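Chemist: File coords.pdb below, PDB, C-alpha atoms:
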```pdb
MODEL        1
ATOM      1  CA  MET A   1     128.532  49.774 109.193  1.00  0.00           C
ATOM      2  CA  LYS A   2     129.983  51.402 106.108  1.00  0.00           C
ATOM      3  CA  GLU A   3     126.628  51.140 104.371  1.00  0.00           C
ATOM      4  CA  GLY A   4     124.832  53.140 107.149  1.00  0.00           C
ATOM      5  CA  SER A   5     127.460  55.890 107.194  1.00  0.00           C
ATOM      6  CA  SER A   6     127.293  56.055 103.405  1.00  0.00           C
ATOM      7  CA  LYS A   7     123.504  56.570 103.555  1.00  0.00           C
ATOM      8  CA  GLY A   8     123.920  59.254 106.218  1.00  0.00           C
ATOM      9  CA  ARG A   9     126.545  61.020 104.156  1.00  0.00           C
ATOM     10  CA  ASN A  10     124.295  60.897 101.040  1.00  0.00           C
ATOM     11  CA  VAL A  11     121.346  62.317 102.993  1.00  0.00           C
ATOM     12  CA  CYS A  12     123.570  65.067 104.420  1.00  0.00           C
ATOM     13  CA  LEU A  13     124.926  65.933 100.970  1.00  0.00           C
ATOM     14  CA  THR A  14     121.421  65.965  99.479  1.00  0.00           C
ATOM     15  CA  VAL A  15     120.035  68.235 102.212  1.00  0.00           C
ATOM     16  CA  THR A  16     123.064  70.537 101.904  1.00  0.00           C
ATOM     17  CA  GLY A  17     122.635  70.649  98.112  1.00  0.00           C
ATOM     18  CA  VAL A  18     118.926  71.522  98.435  1.00  0.00           C
ATOM     19  CA  VAL A  19     119.666  74.273 100.973  1.00  0.00           C
ATOM     20  CA  VAL A  20     122.427  75.731  98.768  1.00  0.00           C
ATOM     21  CA  ALA A  21     120.091  75.624  95.723  1.00  0.00           C
ATOM     22  CA  ILE A  22     117.321  77.410  97.649  1.00  0.00           C
ATOM     23  CA  VAL A  23     119.749  80.090  98.855  1.00  0.00           C
ATOM     24  CA  LEU A  24     121.056  80.597  95.295  1.00  0.00           C
ATOM     25  CA  VAL A  25     117.522  80.855  93.859  1.00  0.00           C
ATOM     26  CA  LEU A  26     116.502  83.351  96.568  1.00  0.00           C
ATOM     27  CA  GLY A  27     119.676  85.354  95.949  1.00  0.00           C
ATOM     28  CA  MET A  28     118.995  85.493  92.207  1.00  0.00           C
ATOM     29  CA  LEU A  29     115.369  86.484  92.811  1.00  0.00           C
ATOM     30  CA  ALA A  30     116.535  89.250  95.132  1.00  0.00           C
ATOM     31  CA  LEU A  31     118.859  90.560  92.405  1.00  0.00           C
ATOM     32  CA  VAL A  32     116.247  90.325  89.651  1.00  0.00           C
ATOM     33  CA  PHE A  33     113.464  91.885  91.709  1.00  0.00           C
ATOM     34  CA  ARG A  34     115.627  94.449  93.452  1.00  0.00           C
ATOM     35  CA  PRO A  35     113.448  97.294  94.746  1.00  0.00           C
ATOM     36  CA  GLN A  36     113.511 100.635  92.949  1.00  0.00           C
ATOM     37  CA  GLU A  37     113.422 104.099  94.493  1.00  0.00           C
ATOM     38  CA  LEU A  38     110.142 105.734  95.368  1.00  0.00           C
ATOM     39  CA  THR A  39     109.677 109.239  93.986  1.00  0.00           C
ATOM     40  CA  ILE A  40     108.111 111.922  96.193  1.00  0.00           C
ATOM     41  CA  THR A  41     107.125 115.328  94.793  1.00  0.00           C
ATOM     42  CA  VAL A  42     105.275 118.364  96.103  1.00  0.00           C
ATOM     43  CA  ASP A  43     102.422 119.108  93.688  1.00  0.00           C
ATOM     44  CA  SER A  44     100.884 122.157  95.298  1.00  0.00           C
ATOM     45  CA  VAL A  45     100.940 124.311  98.410  1.00  0.00           C
ATOM     46  CA  GLU A  46      97.898 126.406  99.265  1.00  0.00           C
ATOM     47  CA  LEU A  47      97.271 128.838 102.059  1.00  0.00           C
ATOM     48  CA  GLN A  48      94.338 127.312 103.921  1.00  0.00           C
ATOM     49  CA  ASN A  49      94.045 129.657 106.876  1.00  0.00           C
ATOM     50  CA  MET A  50      95.806 132.763 108.144  1.00  0.00           C
ATOM     51  CA  ASP A  51      94.917 134.605 111.355  1.00  0.00           C
ATOM     52  CA  VAL A  52      96.839 137.649 112.525  1.00  0.00           C
ATOM     53  CA  GLY A  53      96.350 139.254 115.911  1.00  0.00           C
ATOM     54  CA  PHE A  54      98.120 141.620 118.270  1.00  0.00           C
ATOM     55  CA  ASN A  55      98.613 140.682 121.906  1.00  0.00           C
ATOM     56  CA  VAL A  56      98.631 143.961 123.821  1.00  0.00           C
ATOM     57  CA  PHE A  57      99.771 142.434 127.105  1.00  0.00           C
ATOM     58  CA  LYS A  58     102.758 140.633 125.626  1.00  0.00           C
ATOM     59  CA  MET A  59     103.404 143.326 123.002  1.00  0.00           C
ATOM     60  CA  SER A  60     103.633 140.677 120.302  1.00  0.00           C
ATOM     61  CA  VAL A  61     102.022 139.701 117.037  1.00  0.00           C
ATOM     62  CA  ASP A  62     100.192 136.367 116.985  1.00  0.00           C
ATOM     63  CA  LEU A  63     100.223 134.635 113.630  1.00  0.00           C
ATOM     64  CA  ASN A  64      98.536 131.333 112.803  1.00  0.00           C
ATOM     65  CA  VAL A  65      99.131 130.010 109.294  1.00  0.00           C
ATOM     66  CA  THR A  66      97.936 126.651 107.978  1.00  0.00           C
ATOM     67  CA  LEU A  67      99.142 125.321 104.639  1.00  0.00           C
ATOM     68  CA  ASP A  68      97.508 122.595 102.601  1.00  0.00           C
ATOM     69  CA  VAL A  69     100.307 120.601 100.902  1.00  0.00           C
ATOM     70  CA  ASN A  70      99.561 118.025  98.200  1.00  0.00           C
ATOM     71  CA  VAL A  71     102.289 115.416  97.774  1.00  0.00           C
ATOM     72  CA  SER A  72     102.606 112.528  95.285  1.00  0.00           C
ATOM     73  CA  VAL A  73     104.357 109.252  96.090  1.00  0.00           C
ATOM     74  CA  LYS A  74     105.195 107.177  92.999  1.00  0.00           C
ATOM     75  CA  ASN A  75     106.046 103.495  93.399  1.00  0.00           C
ATOM     76  CA  THR A  76     108.156 102.381  90.428  1.00  0.00           C
ATOM     77  CA  ASN A  77     108.523  98.872  91.851  1.00  0.00           C
ATOM     78  CA  GLU A  78     106.833  95.804  90.422  1.00  0.00           C
ATOM     79  CA  PHE A  79     105.638  95.037  93.930  1.00  0.00           C
ATOM     80  CA  GLY A  80     103.617  96.962  96.497  1.00  0.00           C
ATOM     81  CA  PHE A  81     105.095  99.271  99.102  1.00  0.00           C
ATOM     82  CA  LYS A  82     103.681  99.347 102.628  1.00  0.00           C
ATOM     83  CA  SER A  83     104.726 102.385 104.629  1.00  0.00           C
ATOM     84  CA  SER A  84     104.808 103.037 108.327  1.00  0.00           C
ATOM     85  CA  GLU A  85     104.270 106.561 109.638  1.00  0.00           C
ATOM     86  CA  GLY A  86     106.425 109.277 108.117  1.00  0.00           C
ATOM     87  CA  SER A  87     106.960 112.980 108.575  1.00  0.00           C
ATOM     88  CA  ALA A  88     106.892 116.165 106.545  1.00  0.00           C
ATOM     89  CA  GLN A  89     108.815 119.299 107.473  1.00  0.00           C
ATOM     90  CA  LEU A  90     108.516 122.791 106.050  1.00  0.00           C
ATOM     91  CA  ASN A  91     111.599 125.008 106.128  1.00  0.00           C
ATOM     92  CA  TYR A  92     112.059 128.698 105.400  1.00  0.00           C
ATOM     93  CA  ARG A  93     115.652 129.667 104.620  1.00  0.00           C
ATOM     94  CA  GLY A  94     116.983 126.598 106.455  1.00  0.00           C
ATOM     95  CA  GLN A  95     114.840 127.019 109.570  1.00  0.00           C
ATOM     96  CA  LEU A  96     112.113 124.530 110.506  1.00  0.00           C
ATOM     97  CA  ILE A  97     108.783 126.378 110.537  1.00  0.00           C
ATOM     98  CA  GLY A  98     106.194 123.595 110.207  1.00  0.00           C
ATOM     99  CA  GLU A  99     105.668 119.884 110.638  1.00  0.00           C
ATOM    100  CA  ALA A 100     103.029 117.262 109.865  1.00  0.00           C
ATOM    101  CA  PRO A 101     102.827 113.503 110.367  1.00  0.00           C
ATOM    102  CA  ILE A 102     102.295 111.263 107.337  1.00  0.00           C
ATOM    103  CA  PRO A 103      99.960 108.331 108.069  1.00  0.00           C
ATOM    104  CA  SER A 104     100.905 104.778 107.172  1.00  0.00           C
ATOM    105  CA  GLY A 105      99.507 103.308 103.986  1.00  0.00           C
ATOM    106  CA  GLU A 106     100.091 101.241 100.886  1.00  0.00           C
ATOM    107  CA  VAL A 107     101.129 102.170  97.349  1.00  0.00           C
ATOM    108  CA  SER A 108     100.436  99.538  94.672  1.00  0.00           C
ATOM    109  CA  PRO A 109     103.002  98.648  91.990  1.00  0.00           C
ATOM    110  CA  GLY A 110     103.345 101.451  89.431  1.00  0.00           C
ATOM    111  CA  GLU A 111     100.817 103.607  91.308  1.00  0.00           C
ATOM    112  CA  THR A 112     101.182 107.283  92.089  1.00  0.00           C
ATOM    113  CA  LYS A 113      99.349 108.027  95.314  1.00  0.00           C
ATOM    114  CA  GLY A 114      98.420 111.527  96.385  1.00  0.00           C
ATOM    115  CA  LEU A 115      98.690 112.634  99.985  1.00  0.00           C
ATOM    116  CA  ASN A 116      97.052 115.738 101.388  1.00  0.00           C
ATOM    117  CA  LEU A 117      98.978 117.141 104.362  1.00  0.00           C
ATOM    118  CA  THR A 118      98.059 120.029 106.613  1.00  0.00           C
ATOM    119  CA  LEU A 119     101.088 121.910 107.939  1.00  0.00           C
ATOM    120  CA  THR A 120     100.659 124.385 110.751  1.00  0.00           C
ATOM    121  CA  VAL A 121     103.378 127.009 110.576  1.00  0.00           C
ATOM    122  CA  MET A 122     105.234 127.799 113.803  1.00  0.00           C
ATOM    123  CA  ALA A 123     104.758 131.535 113.604  1.00  0.00           C
ATOM    124  CA  ASN A 124     107.360 132.480 116.201  1.00  0.00           C
ATOM    125  CA  ARG A 125     110.089 130.715 114.206  1.00  0.00           C
ATOM    126  CA  PHE A 126     108.818 132.105 110.926  1.00  0.00           C
ATOM    127  CA  LEU A 127     108.666 135.692 112.190  1.00  0.00           C
ATOM    128  CA  SER A 128     112.094 135.527 113.861  1.00  0.00           C
ATOM    129  CA  ASN A 129     113.674 136.353 110.496  1.00  0.00           C
ATOM    130  CA  TYR A 130     111.526 139.436 109.853  1.00  0.00           C
ATOM    131  CA  SER A 131     113.931 141.293 107.535  1.00  0.00           C
ATOM    132  CA  GLN A 132     114.142 138.324 105.137  1.00  0.00           C
ATOM    133  CA  ILE A 133     110.377 137.796 105.252  1.00  0.00           C
ATOM    134  CA  SER A 134     109.618 141.407 104.396  1.00  0.00           C
ATOM    135  CA  SER A 135     112.083 141.270 101.509  1.00  0.00           C
ATOM    136  CA  ASP A 136     110.557 138.026 100.189  1.00  0.00           C
ATOM    137  CA  VAL A 137     106.986 139.296 100.586  1.00  0.00           C
ATOM    138  CA  THR A 138     107.931 142.445  98.672  1.00  0.00           C
ATOM    139  CA  SER A 139     109.384 140.290  95.874  1.00  0.00           C
ATOM    140  CA  GLY A 140     106.112 138.330  95.757  1.00  0.00           C
ATOM    141  CA  ALA A 141     107.492 134.851  96.521  1.00  0.00           C
ATOM    142  CA  LEU A 142     108.573 132.940  99.620  1.00  0.00           C
ATOM    143  CA  PRO A 143     111.427 130.442  99.133  1.00  0.00           C
ATOM    144  CA  LEU A 144     110.433 127.268 100.965  1.00  0.00           C
ATOM    145  CA  ASN A 145     111.738 123.741 101.280  1.00  0.00           C
ATOM    146  CA  THR A 146     109.987 120.539 102.290  1.00  0.00           C
ATOM    147  CA  LEU A 147     111.686 117.458 103.654  1.00  0.00           C
ATOM    148  CA  ILE A 148     109.506 114.369 103.500  1.00  0.00           C
ATOM    149  CA  LYS A 149     110.570 111.048 105.020  1.00  0.00           C
ATOM    150  CA  ILE A 150     108.722 107.771 104.585  1.00  0.00           C
ATOM    151  CA  SER A 151     109.875 104.305 105.600  1.00  0.00           C
ATOM    152  CA  GLY A 152     108.338 100.922 104.982  1.00  0.00           C
ATOM    153  CA  GLU A 153     108.897  97.709 103.106  1.00  0.00           C
ATOM    154  CA  VAL A 154     108.607  96.197  99.673  1.00  0.00           C
ATOM    155  CA  ASN A 155     107.360  92.612  99.878  1.00  0.00           C
ATOM    156  CA  ILE A 156     108.481  90.420  96.958  1.00  0.00           C
ATOM    157  CA  LEU A 157     106.668  87.139  96.332  1.00  0.00           C
ATOM    158  CA  GLY A 158     105.363  87.160  99.893  1.00  0.00           C
ATOM    159  CA  PHE A 159     108.606  86.094 101.557  1.00  0.00           C
ATOM    160  CA  ILE A 160     111.407  88.407 100.423  1.00  0.00           C
ATOM    161  CA  LYS A 161     111.147  91.721 102.250  1.00  0.00           C
ATOM    162  CA  PHE A 162     113.229  94.842 101.708  1.00  0.00           C
ATOM    163  CA  HIS A 163     113.136  97.670 104.233  1.00  0.00           C
ATOM    164  CA  VAL A 164     113.086 101.001 102.386  1.00  0.00           C
ATOM    165  CA  GLU A 165     113.668 104.511 103.735  1.00  0.00           C
ATOM    166  CA  THR A 166     112.798 107.239 101.255  1.00  0.00           C
ATOM    167  CA  SER A 167     113.309 110.944 101.642  1.00  0.00           C
ATOM    168  CA  SER A 168     112.616 113.805  99.302  1.00  0.00           C
ATOM    169  CA  SER A 169     113.741 117.395  99.555  1.00  0.00           C
ATOM    170  CA  CYS A 170     111.783 119.861  97.425  1.00  0.00           C
ATOM    171  CA  SER A 171     112.776 123.505  97.056  1.00  0.00           C
ATOM    172  CA  PHE A 172     110.184 125.844  95.606  1.00  0.00           C
ATOM    173  CA  LYS A 173     108.814 129.349  95.740  1.00  0.00           C
ATOM    174  CA  LEU A 174     105.312 130.068  96.988  1.00  0.00           C
ATOM    175  CA  ASN A 175     103.800 132.848  94.883  1.00  0.00           C
ATOM    176  CA  ILE A 176     102.031 135.056  97.412  1.00  0.00           C
ATOM    177  CA  SER A 177      99.545 136.700  95.033  1.00  0.00           C
ATOM    178  CA  ASN A 178      98.063 133.563  93.443  1.00  0.00           C
ATOM    179  CA  LYS A 179      99.186 131.034  96.127  1.00  0.00           C
ATOM    180  CA  THR A 180     100.826 128.657  93.648  1.00  0.00           C
ATOM    181  CA  VAL A 181     104.087 126.724  93.633  1.00  0.00           C
ATOM    182  CA  GLU A 182     106.824 127.932  91.263  1.00  0.00           C
ATOM    183  CA  GLU A 183     110.274 126.535  90.435  1.00  0.00           C
ATOM    184  CA  ASN A 184     109.608 123.209  92.162  1.00  0.00           C
ATOM    185  CA  GLU A 185     112.795 121.095  92.242  1.00  0.00           C
ATOM    186  CA  CYS A 186     112.796 117.786  94.104  1.00  0.00           C
ATOM    187  CA  GLN A 187     115.568 115.349  94.899  1.00  0.00           C
ATOM    188  CA  SER A 188     114.604 111.907  96.158  1.00  0.00           C
ATOM    189  CA  LYS A 189     116.804 109.213  97.588  1.00  0.00           C
ATOM    190  CA  SER A 190     116.093 105.792  98.963  1.00  0.00           C
ATOM    191  CA  LYS A 191     118.057 103.555 101.284  1.00  0.00           C
ATOM    192  CA  PHE A 192     117.484  99.795 101.285  1.00  0.00           C
TER     193      PHE A 192
ENDMDL
END
```
Would you encode the structure as structure tokens?

Modeler:
Amino acid sequence: MKEGSSKGRNVCLTVTGVVVAIVLVLGMLALVFRPQELTITVDSVELQNMDVGFNVFKMSVDLNVTLDVNVSVKNTNEFGFKSSEGSAQLNYRGQLIGEAPIPSGEVSPGETKGLNLTLTVMANRFLSNYSQISSDVTSGALPLNTLIKISGEVNILGFIKFHVETSSSCSFKLNISNKTVEENECQSKSKF
């Protein structure tokens, strides 16, 4: 009877030791291959379309502006990043004036992937601050801000997965005469 309980105890200790060793190895791998932040930057903003009209019946100005925004997502991880859908917002002096969805996709290790987004400006929100707009147009540059949010996961060795939420806020000025981005400053942060 003692011999059977001794064998059972040895098997239990062996299984426990193997499980503890596997957990320690996985923990060390997770520390060694800890995911890095993704970097998101706005490369360019171009005026794609602008239609202005006057609605006589409503006594209002109709404005339709579409911006073409080129964004770069850099994966500094040693493993690929697979994103789910994200979002991009365009703000003028703290007020949301445009939005665009960001499709899901993959960014390989060390790759910088370009995204081309089309933002339709909500003219009524944009024109609600007319005095600031006229002042900025006169100065030749519109101060804008983008907020881009992407979430997804970094898959390490096929079985260790880290959920990552990355956001980037870029403040820049859109030069009205040549339609280029000036003074582009971005701050990215990631949450694991």

Chemist: Could you check how far atom CA of A:Ala141 sits from atom CA of A:Leu174, in Å to one decimal?

Modeler: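 According to the coordinates, atom CA of A:Ala141 and atom CA of A:Leu174 are separated by 5.3 Å.
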
Chemist: Step by step: start from the point (113.3, 106.7, 95.6) in the file's coordinates, keep every protein, DNA or RNA residue that has an atom no farther than 8 Å from it, count all atoms listed in the file, and write the set as number ranges by chain.

Modeler: A: 36-40, 166-167, 188-190

Chemist: Taking 3 positions as the minimum chain separation for residues in the same chain, which residues sit within 9 Å of A:Gln89 when counting only C-alpha atoms? Answer as JSON, numbers by chain.

Modeler: {"A": [96, 97, 98, 99, 100, 101, 119, 145, 146, 147, 148, 149]}

Chemist: Applied to this file, what does the PyMOL selection byres ((chain A and resi 78) around 9) return in terms of residues, put as a ChimeraX atom specification?

Modeler: /A:33,35-36,75-77,79-80,108-110,156

Chemist: Rounded to one decimal in Å, what is the spacing between atom CA of A:Leu144 and atom CA of A:Ser87?

Modeler: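 For atom CA of A:Leu144 relative to atom CA of A:Ser87, the distance reads 16.6 Å.
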
Chemist: Which residues would end up in the selection if the PyMOL selection byres ((chain A and resi 118) around 7) were applied here, given that I need the answer as a list in words?

Modeler: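 Here the PyMOL selection byres ((chain A and resi 118) around 7) matches Thr66, Leu67, Asp68, Val69, Ala100, Asn116, Leu117, Leu119 and Thr120 of chain A.
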
Chemist: As an exercise, work out the distance from atom CA of A:Thr180 to atom CA of A:Ala88 in Å and give it to one decimal place.

Modeler: 19.0 Å

Chemist: Translate the PyMOL selection byres ((chain A and resi 49) around 6), as applied to the file shown, into an explicit residue set as a PyMOL selection string.

Modeler: chain A and resi 47-48+50+65-66

Chemist: Near A:Val107, within 8 Å and counting only C-alpha atoms, which residues show up once chain neighbours fewer than 2 positions away are dropped, as a list in words?

Modeler: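 The contact residues come out as Val73, Lys74, Asn75, Gly80, Phe81, Lys82, Gly105, Pro109, Glu111, Thr112 and Lys113 of chain A.
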
Chemist: Nearest to A:Ser83 among A:Thr14, A:Gln187, A:Asn155, A:Thr138, with distances taken over only C-alpha atoms: which residue is it?

Modeler: A:Asn155

Chemist: Once N, CA, C and O atoms are restored for stretch 98-109 of chain A, what would the output be as a compact mmCIF listing (two decimals), in the frame of the given file?

Modeler:
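Full text of part-v9.txt as output:
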```txt
# COMPACT_ATOMS: atom_id res chain seq x y z
N GLY A 98 107.44 124.37 110.16
CA GLY A 98 106.19 123.60 110.21
C GLY A 98 106.44 122.11 110.08
O GLY A 98 107.42 121.68 109.47
N GLU A 99 105.55 121.33 110.68
CA GLU A 99 105.67 119.88 110.64
C GLU A 99 104.29 119.26 110.49
O GLU A 99 103.29 119.84 110.88
N ALA A 100 104.27 118.04 109.95
CA ALA A 100 103.03 117.26 109.86
C ALA A 100 103.39 115.78 109.81
O ALA A 100 104.37 115.40 109.16
N PRO A 101 102.60 114.95 110.48
CA PRO A 101 102.83 113.50 110.37
C PRO A 101 102.24 112.99 109.05
O PRO A 101 101.30 113.56 108.51
N ILE A 102 102.82 111.93 108.52
CA ILE A 102 102.30 111.26 107.34
C ILE A 102 101.80 109.90 107.79
O ILE A 102 102.56 109.11 108.34
N PRO A 103 100.50 109.61 107.60
CA PRO A 103 99.96 108.33 108.07
C PRO A 103 100.51 107.15 107.26
O PRO A 103 100.95 107.32 106.13
N SER A 104 100.46 105.98 107.87
CA SER A 104 100.90 104.78 107.17
C SER A 104 99.91 104.45 106.07
O SER A 104 98.77 104.90 106.07
N GLY A 105 100.37 103.67 105.10
CA GLY A 105 99.51 103.31 103.99
C GLY A 105 100.21 102.39 103.02
O GLY A 105 101.33 101.94 103.27
N GLU A 106 99.54 102.12 101.91
CA GLU A 106 100.09 101.24 100.89
C GLU A 106 100.05 101.92 99.53
O GLU A 106 99.11 102.66 99.24
N VAL A 107 101.08 101.67 98.72
CA VAL A 107 101.13 102.17 97.35
C VAL A 107 101.34 100.95 96.46
O VAL A 107 102.34 100.25 96.57
N SER A 108 100.39 100.70 95.57
CA SER A 108 100.44 99.54 94.67
C SER A 108 101.57 99.68 93.65
O SER A 108 102.06 100.79 93.41
N PRO A 109 101.95 98.58 93.01
CA PRO A 109 103.00 98.65 91.99
C PRO A 109 102.64 99.61 90.86
O PRO A 109 101.53 99.56 90.33
```
